[in-house]
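Only one structure is covered here, and it is reproduced in the block below.
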Amino acid sequence: MAPWTTNELRQIDAATELRVASQRPDGSLRPYATIWHTTLGDALFIRSAHGPDNGWFRRALASGTGRISAGSVEKGVTFELADPSVRAELDAALHAKYDRFGPGPIAAITGDDVLETTLRVMPRG
């Protein structure tokens, strides 16, 4: 797996929203879902705002592969559950990026009950 370039991560993180699609067993992509995201170090992280039963999250975790689009970056990716050790730093980064939208929306992707819905997203190929 190749790492993100510094430029790709900068462009992705500068975008307010990210579009994510998981790959079906036949190789085709499911429709994109628009979500919030952030980067930490050399990785991109996404969370399900509606818990582990959210459709896009379940399908991304099950397939392990898909595609993202944010800023001018569109790329095939892999999805894996994030290491729990990133939680505090990730919450802080998400608050810094999205607090301007108010307490309700940001509360949906931060806090005690969201760690199990955090995915690390890395480029394929």
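We label chains A, B, ... in the order they appear in the structure tokens, count residues from 1 in each chain, and number ligands from 1 in the order shown.
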
Surrounding residues of region 100-109 of chain A excluding itself and chain neighbours under 4 positions, 8 Å, only C-alpha atoms, as JSON, numbers by chain: {"A": [47, 48, 49, 50, 94, 95, 114]}

Enumerate as number ranges by chain all residues of region 8-87 of chain A assigned to alpha helix (DSSP H) by DSSP on the backbone, naming them with the chain letters and numbers the document uses. A: 8-14, 55-63, 87

Which residue of A:Leu115, A:Ala70, A:Ala62, A:Ala43 approaches Ser85 (chain A) most closely, using only C-alpha atoms: A:Leu115

Counting only C-alpha atoms, what is within 7 Å of Thr34 (chain A), bar same-chain residues fewer than 4 positions away, as number ranges by chain? A: 17-20

Measuring between only C-alpha atoms, which one of A:Asp53, A:Glu8, A:Asp112, A:Asp42 shows the shortest distance to Pro84 (chain A)? A:Asp112

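Near Ser72 (chain A), within a cut-off of 12 Å and counting only C-alpha atoms, sit the residues A:Asn7, A:Glu8, A:Leu9, A:Arg10, A:Gln11, A:Ile12, A:Asp13, A:Ala14, A:Ala15, A:Glu17, A:Leu18, A:Arg19, A:Ile68, A:Ser69, A:Ala70, A:Glu74, A:Lys75, with same-chain residues fewer than 2 positions away left out.
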
Hey, what's within 9 Å of Lys97 (chain A) if we count only C-alpha atoms and toss same-chain stuff fewer than 3 positions away? As a ChimeraX atom specification, please? /A:16,37-38,92-94,100

Closest to Arg24 (chain A) among A:Leu40, A:Ser63, A:Asn54, A:Pro3, using only C-alpha atoms?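 Of all the options, A:Ser63 lies closest to Arg24 (chain A).
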
Please return as a PyMOL selection string: the residues of chain A that backbone DSSP assigns to strand (DSSP E). chain A and resi 18-22+33-35+37-40+43-47+65-70+73-81+118-123

Residues of the last selection are to be written out with C-alpha atoms, as a JSON list (two decimals), in the first residue's frame.
[["chain", "number", "residue", "atom", "x", "y", "z"],
["A", 18, "LEU", "CA", -15.48, 13.92, 1.65],
["A", 19, "ARG", "CA", -17.34, 11.52, -0.60],
["A", 20, "VAL", "CA", -16.83, 7.84, 0.17],
["A", 21, "ALA", "CA", -17.97, 4.74, -1.72],
["A", 22, "SER", "CA", -17.34, 1.11, -0.86],
["A", 33, "ALA", "CA", -21.98, 9.07, 0.73],
["A", 34, "THR", "CA", -20.92, 12.56, 1.82],
["A", 35, "ILE", "CA", -19.30, 12.69, 5.25],
["A", 37, "HIS", "CA", -13.31, 13.68, 7.87],
["A", 38, "THR", "CA", -9.86, 14.77, 9.01],
["A", 39, "THR", "CA", -6.24, 13.79, 8.72],
["A", 40, "LEU", "CA", -3.69, 12.98, 11.40],
["A", 43, "ALA", "CA", -3.52, 9.03, 7.52],
["A", 44, "LEU", "CA", -7.09, 10.00, 6.71],
["A", 45, "PHE", "CA", -9.83, 9.18, 9.23],
["A", 46, "ILE", "CA", -13.60, 9.00, 8.84],
["A", 47, "ARG", "CA", -16.41, 8.24, 11.29],
["A", 65, "THR", "CA", -11.94, -1.25, -0.22],
["A", 66, "GLY", "CA", -13.55, 1.63, -2.06],
["A", 67, "ARG", "CA", -12.96, 5.13, -3.35],
["A", 68, "ILE", "CA", -12.88, 8.62, -1.87],
["A", 69, "SER", "CA", -13.18, 12.06, -3.41],
["A", 70, "ALA", "CA", -12.30, 15.31, -1.65],
["A", 73, "VAL", "CA", -8.19, 14.10, -4.95],
["A", 74, "GLU", "CA", -10.06, 11.02, -6.12],
["A", 75, "LYS", "CA", -8.47, 7.72, -5.22],
["A", 76, "GLY", "CA", -9.00, 4.03, -4.58],
["A", 77, "VAL", "CA", -8.62, 3.29, -0.86],
["A", 78, "THR", "CA", -8.66, 0.66, 1.85],
["A", 79, "PHE", "CA", -10.70, 0.90, 5.05],
["A", 80, "GLU", "CA", -9.70, -0.53, 8.42],
["A", 81, "LEU", "CA", -10.78, 0.09, 11.99],
["A", 118, "THR", "CA", -13.66, 5.24, 13.22],
["A", 119, "LEU", "CA", -11.97, 4.05, 10.04],
["A", 120, "ARG", "CA", -8.42, 4.69, 8.89],
["A", 121, "VAL", "CA", -8.44, 5.27, 5.15],
["A", 122, "MET", "CA", -5.30, 4.61, 3.12],
["A", 123, "PRO", "CA", -4.64, 4.81, -0.64]]
